[in-house]
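Undergrad: Contents of work_39.txt (compact mmCIF, C-alpha atoms and all ligand atoms) are below:
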# COMPACT_ATOMS: atom_id res chain seq x y z
CA LYS H 1 -6.27 -0.69 -14.74
CA ARG H 2 -5.74 2.93 -13.77
CA THR H 3 -4.01 2.87 -10.39
CA VAL H 4 -3.23 5.72 -8.00
CA VAL H 5 -0.71 5.28 -5.18
CA LEU H 6 -1.20 7.06 -1.84
CA ILE H 7 1.98 7.83 0.08
CA SER H 8 3.19 9.79 3.09
CA GLY H 9 6.95 9.39 2.86
CA ARG H 10 9.84 7.68 1.13
CA GLY H 11 7.78 5.89 -1.50
CA SER H 12 10.01 2.91 -2.20
CA ASN H 13 7.01 0.62 -2.66
CA MET H 14 5.48 3.25 -4.93
CA GLY H 15 8.74 3.28 -6.88
CA ALA H 16 8.62 -0.49 -7.27
CA LEU H 17 5.05 -0.28 -8.60
CA ILE H 18 5.98 2.52 -11.01
CA GLU H 19 8.93 0.49 -12.24
CA ALA H 20 6.85 -2.67 -12.78
CA ALA H 21 4.03 -0.73 -14.43
CA SER H 22 6.42 0.87 -16.91
CA ASP H 23 6.29 -2.50 -18.69
CA PRO H 24 3.33 -2.24 -21.10
CA ALA H 25 2.53 -5.90 -20.42
CA TYR H 26 1.86 -5.14 -16.73
CA PRO H 27 -1.93 -4.93 -16.21
CA ALA H 28 -1.88 -1.83 -13.98
CA GLU H 29 -0.85 1.66 -14.99
CA ILE H 30 0.28 4.13 -12.32
CA VAL H 31 -1.61 7.24 -13.40
CA GLY H 32 -0.97 9.36 -10.33
CA VAL H 33 0.45 9.65 -6.85
CA ILE H 34 -1.27 11.43 -3.96
CA SER H 35 0.55 12.42 -0.78
CA ASP H 36 -0.71 13.90 2.49
CA ASN H 37 2.80 15.25 3.10
CA ALA H 38 4.29 17.97 0.90
CA ASP H 39 7.82 16.89 1.83
CA ALA H 40 7.38 13.22 0.95
CA GLN H 41 10.46 11.98 -0.85
CA GLY H 42 8.19 9.78 -2.97
CA LEU H 43 6.68 12.88 -4.61
CA ARG H 44 10.07 13.69 -6.12
CA VAL H 45 10.63 10.08 -7.19
CA ALA H 46 7.24 10.02 -8.94
CA ALA H 47 7.77 13.38 -10.62
CA ALA H 48 11.17 12.24 -11.87
CA ARG H 49 9.41 9.28 -13.48
CA GLY H 50 6.89 11.59 -15.14
CA ILE H 51 3.97 10.50 -12.94
CA PRO H 52 1.54 13.31 -12.02
CA THR H 53 1.37 14.02 -8.29
CA ARG H 54 -1.07 15.76 -5.98
CA THR H 55 -0.54 16.84 -2.39
CA VAL H 56 -3.66 16.87 -0.24
CA LEU H 57 -2.82 18.22 3.22
CA ARG H 58 -4.89 17.30 6.25
CA SER H 59 -4.31 20.82 7.62
CA ASP H 60 -6.16 22.33 4.65
CA TYR H 61 -9.41 20.67 5.73
CA ALA H 62 -11.62 21.14 8.77
CA SER H 63 -12.27 17.46 9.31
CA LYS H 64 -10.91 14.06 8.47
CA ALA H 65 -14.03 13.40 6.39
CA GLN H 66 -13.36 16.50 4.30
CA HIS H 67 -9.72 15.52 3.83
CA ASP H 68 -10.75 12.09 2.62
CA ALA H 69 -13.36 13.67 0.35
CA ALA H 70 -10.61 15.79 -1.20
CA ILE H 71 -8.50 12.69 -1.74
CA ASP H 72 -11.49 10.99 -3.30
CA ALA H 73 -11.96 13.98 -5.60
CA ALA H 74 -8.29 13.76 -6.60
CA LEU H 75 -8.76 10.04 -7.31
CA GLY H 76 -11.73 10.97 -9.48
CA GLY H 77 -9.55 13.48 -11.31
CA PHE H 78 -7.11 10.69 -12.08
CA LYS H 79 -10.00 8.39 -13.11
CA ALA H 80 -8.58 5.85 -10.67
CA GLU H 81 -9.87 2.29 -10.77
CA ILE H 82 -7.51 0.92 -8.11
CA VAL H 83 -5.99 2.63 -5.06
CA ALA H 84 -2.71 1.29 -3.65
CA LEU H 85 -1.71 2.52 -0.19
CA ALA H 86 2.08 2.49 0.10
CA GLY H 87 3.27 3.91 3.37
CA TYR H 88 0.17 6.12 3.66
CA MET H 89 0.24 6.83 7.36
CA ARG H 90 -3.37 7.85 8.01
CA LEU H 91 -6.45 5.85 8.74
CA LEU H 92 -9.15 6.43 6.15
CA THR H 93 -12.75 7.17 7.09
CA ALA H 94 -15.31 4.37 6.89
CA SER H 95 -17.23 5.97 4.02
CA PHE H 96 -14.07 6.38 1.94
CA VAL H 97 -13.11 2.76 2.64
CA GLU H 98 -16.63 1.62 1.75
CA LYS H 99 -16.52 3.46 -1.56
CA TRP H 100 -13.21 1.79 -2.55
CA LEU H 101 -13.92 -1.59 -0.98
CA GLY H 102 -12.42 -4.35 -3.11
CA ARG H 103 -10.49 -1.81 -5.17
CA MET H 104 -8.07 -0.53 -2.50
CA ILE H 105 -5.07 -2.46 -1.19
CA ASN H 106 -2.36 -1.83 1.39
CA ILE H 107 1.02 -3.25 2.25
CA HIS H 108 1.96 -3.78 5.88
CA PRO H 109 5.39 -4.95 7.06
CA SER H 110 4.33 -7.92 9.16
CA LEU H 111 2.75 -11.30 8.70
CA LEU H 112 -0.79 -10.20 9.52
CA PRO H 113 -2.72 -10.68 11.72
CA SER H 114 0.43 -10.38 13.85
CA PHE H 115 1.84 -6.93 14.60
CA LYS H 116 -0.81 -4.61 13.20
CA GLY H 117 -0.09 -0.90 13.51
CA LEU H 118 3.09 1.05 14.12
CA GLU H 119 6.63 -0.32 14.63
CA PRO H 120 5.84 -3.92 13.74
CA HIS H 121 9.51 -4.84 13.32
CA ARG H 122 10.47 -3.61 16.78
CA ARG H 123 7.59 -5.54 18.29
CA ALA H 124 8.45 -8.65 16.27
CA LEU H 125 12.01 -8.53 17.63
CA GLU H 126 10.67 -8.04 21.15
CA ALA H 127 8.36 -11.01 20.75
CA GLY H 128 11.28 -13.15 19.61
CA VAL H 129 9.59 -14.46 16.47
CA LYS H 130 11.94 -16.27 14.11
CA VAL H 131 9.94 -15.48 10.96
CA HIS H 132 8.66 -12.04 10.00
CA GLY H 133 7.48 -10.61 6.70
CA CYS H 134 4.93 -8.51 4.87
CA THR H 135 1.32 -8.67 3.77
CA VAL H 136 -0.74 -7.12 1.00
CA HIS H 137 -4.43 -6.99 1.87
CA PHE H 138 -7.68 -5.38 0.82
CA VAL H 139 -8.38 -2.29 2.91
CA THR H 140 -11.34 -2.43 5.26
CA ALA H 141 -12.39 0.01 7.97
CA GLU H 142 -10.25 -1.71 10.62
CA MET H 143 -6.54 -0.89 10.45
CA ASP H 144 -4.33 -3.58 8.83
CA ASP H 145 -7.26 -5.95 8.99
CA GLY H 146 -8.67 -6.69 5.53
CA PRO H 147 -8.66 -9.99 3.66
CA ILE H 148 -5.14 -11.11 2.79
CA ILE H 149 -4.07 -11.27 -0.87
CA ALA H 150 -0.42 -12.28 -0.51
CA GLN H 151 2.36 -12.59 2.04
CA ALA H 152 6.11 -13.05 2.00
CA ALA H 153 8.16 -14.33 4.92
CA VAL H 154 11.75 -13.55 5.85
CA PRO H 155 13.89 -15.06 8.62
CA VAL H 156 14.68 -13.12 11.77
CA LEU H 157 18.37 -13.63 12.47
CA ALA H 158 20.01 -13.66 15.89
CA GLU H 159 22.13 -10.64 15.02
CA ASP H 160 19.22 -8.56 13.68
CA ASP H 161 18.43 -5.14 14.96
CA GLU H 162 15.39 -3.12 13.91
CA ALA H 163 17.20 -1.55 10.94
CA SER H 164 18.45 -4.82 9.50
CA LEU H 165 15.03 -6.45 9.87
CA ILE H 166 13.28 -3.45 8.29
CA ALA H 167 15.69 -3.65 5.34
CA ARG H 168 15.18 -7.40 4.84
CA VAL H 169 11.39 -7.09 4.95
CA LEU H 170 11.44 -4.08 2.61
CA ARG H 171 13.30 -6.10 -0.02
CA ALA H 172 10.46 -8.64 0.18
CA GLU H 173 7.78 -5.93 0.08
CA HIS H 174 8.60 -4.58 -3.35
CA PRO H 175 8.13 -7.79 -5.40
CA LEU H 176 5.16 -8.81 -3.23
CA TYR H 177 3.33 -5.55 -3.90
CA VAL H 178 4.09 -5.80 -7.62
CA LEU H 179 2.63 -9.32 -7.64
CA ALA H 180 -0.48 -8.45 -5.62
CA LEU H 181 -1.34 -5.39 -7.73
CA LYS H 182 -0.90 -7.49 -10.87
CA MET H 183 -3.31 -10.12 -9.53
CA LEU H 184 -5.91 -7.49 -8.69
CA ALA H 185 -5.55 -5.60 -11.96
CA GLU H 186 -5.94 -8.73 -14.07
CA GLY H 187 -8.90 -9.98 -12.06
CA LYS H 188 -7.15 -12.97 -10.50
CA VAL H 189 -8.11 -11.83 -7.04
CA ALA H 190 -11.25 -10.10 -5.87
CA MET H 191 -13.03 -9.39 -2.62
CA THR H 192 -16.56 -10.74 -2.25
CA ASP H 193 -18.63 -10.93 0.93
CA GLY H 194 -15.64 -9.79 2.95
CA LYS H 195 -13.43 -12.60 1.70
CA VAL H 196 -10.67 -12.96 -0.85
CA ARG H 197 -11.56 -14.99 -3.91
CA PHE H 198 -8.87 -16.23 -6.28
CA SER H 199 -9.56 -17.27 -9.84
CA SER H 200 -7.53 -18.08 -12.90
CA GLY H 201 -8.77 -15.14 -14.94
CA PRO H 202 -10.94 -12.03 -15.08
C1 LIG R 301 6.73 0.10 4.21
O1 LIG R 301 7.41 -0.73 5.11
C2 LIG R 301 5.29 -0.25 4.15
O2 LIG R 301 5.04 -1.62 4.27
C3 LIG R 301 4.74 0.46 5.35
O3 LIG R 301 5.43 1.68 5.39
C4 LIG R 301 6.67 1.52 4.72
C5 LIG R 301 6.69 2.52 3.61
O4 LIG R 301 7.91 2.50 2.91
N1 LIG R 301 3.32 0.53 5.30
P1 LIG R 301 7.99 3.19 1.48
O5 LIG R 301 7.42 4.59 1.65
O6 LIG R 301 7.19 2.36 0.52
O7 LIG R 301 9.44 3.22 1.15
Can I see the file as structure tokens?
TA:
Amino acid sequence: KRTVVLISGRGSNMGALIEAASDPAYPAEIVGVISDNADAQGLRVAAARGIPTRTVLRSDYASKAQHDAAIDAALGGFKAEIVALAGYMRLLTASFVEKWLGRMINIHPSLLPSFKGLEPHRRALEAGVKVHGCTVHFVTAEMDDGPIIAQAAVPVLAEDDEASLIARVLRAEHPLYVLALKMLAEGKVAMTDGKVRFSSGP
């Protein structure tokens, strides 16, 4: 399945997906990367791997809807079948989400529905949870709210600070995202009537 990754920054999850998809047996192919940030480190990583990139700046458009329409046009240019958000730091408009419903996934560094939104690790430490982790979910109009495809948990250690917890979760994110995209691309997971449905095959 032709997959486009949307990023805003470092792009380590994108890099993990590119790496996995370089295996011809992997059911998704990363055909392009779109960033809303011209300085995103991930753009250089993708280019170095020979993946075409597009930058679509919010400041080039009068409204959020027009920005999302430009992203949608770029996705069309890539003939995208699946959209993977990987550190894409903007909320998408409802009509864009509706168009890609069931074909767009996101990774969030918490065990949803806990700690939606920004700085989940800091808030997890503040809450004193002993288990934290990451979630891949279908994207719906509500932020970090769609049906859950897969999660991975990591321990929170007494000596953790935000940086050490971020690093431990990130190491769990990469294989989790690779697994979840594989499941979607080979039809082992789908979204129907707002719910996740798992099956053994396409
Ligand atoms: C990751 O923690 C991801 O879960 C979150 O933003 C971070 C992006 O990191 N949504 P990277 O750009 O994939 O390295």
Undergrad: Of the residues H:Glu126, H:Glu173, H:Asp68, H:Glu186, which is the one nearest to ligand LIG 301 (chain R), using only C-alpha atoms and all ligand atoms?
TA: H:Glu173
Undergrad: All residues within 10 Å of ligand LIG 301 (chain R) are required, counting all atoms listed in the file; please report them as number ranges by chain.
TA: H: 6-17, 40-42, 85-89, 106-110, 117-121, 133-136, 144, 166-167, 169-174, 177
Undergrad: So which one's closest to Ile30 in chain H, H:Leu111, H:Val56, H:Glu81, H:Gly76? Using all atoms listed in the file, please.
TA: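 Closest to Ile30 in chain H, using all atoms listed in the file: H:Glu81.
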Undergrad: Which is closest to Ala124 in chain H among H:Ala25, H:Leu165, H:Ala65, H:Ile148, if we use only C-alpha atoms?
TA: H:Leu165
Undergrad: For each of H:Arg58, H:Pro52, H:Thr3, H:Glu142, take the minimum atom-to-atom distance to Asn37 in chain H, counting only C-alpha atoms, then give the residue where this is smallest.
TA: H:Arg58
Undergrad: I'd like to know which of H:Ser200, H:Asp36, H:Leu157, H:Val129 is closest to Tyr61 in chain H, using all atoms listed in the file.
TA: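 Selected residue with least distance to Tyr61 in chain H: H:Asp36.
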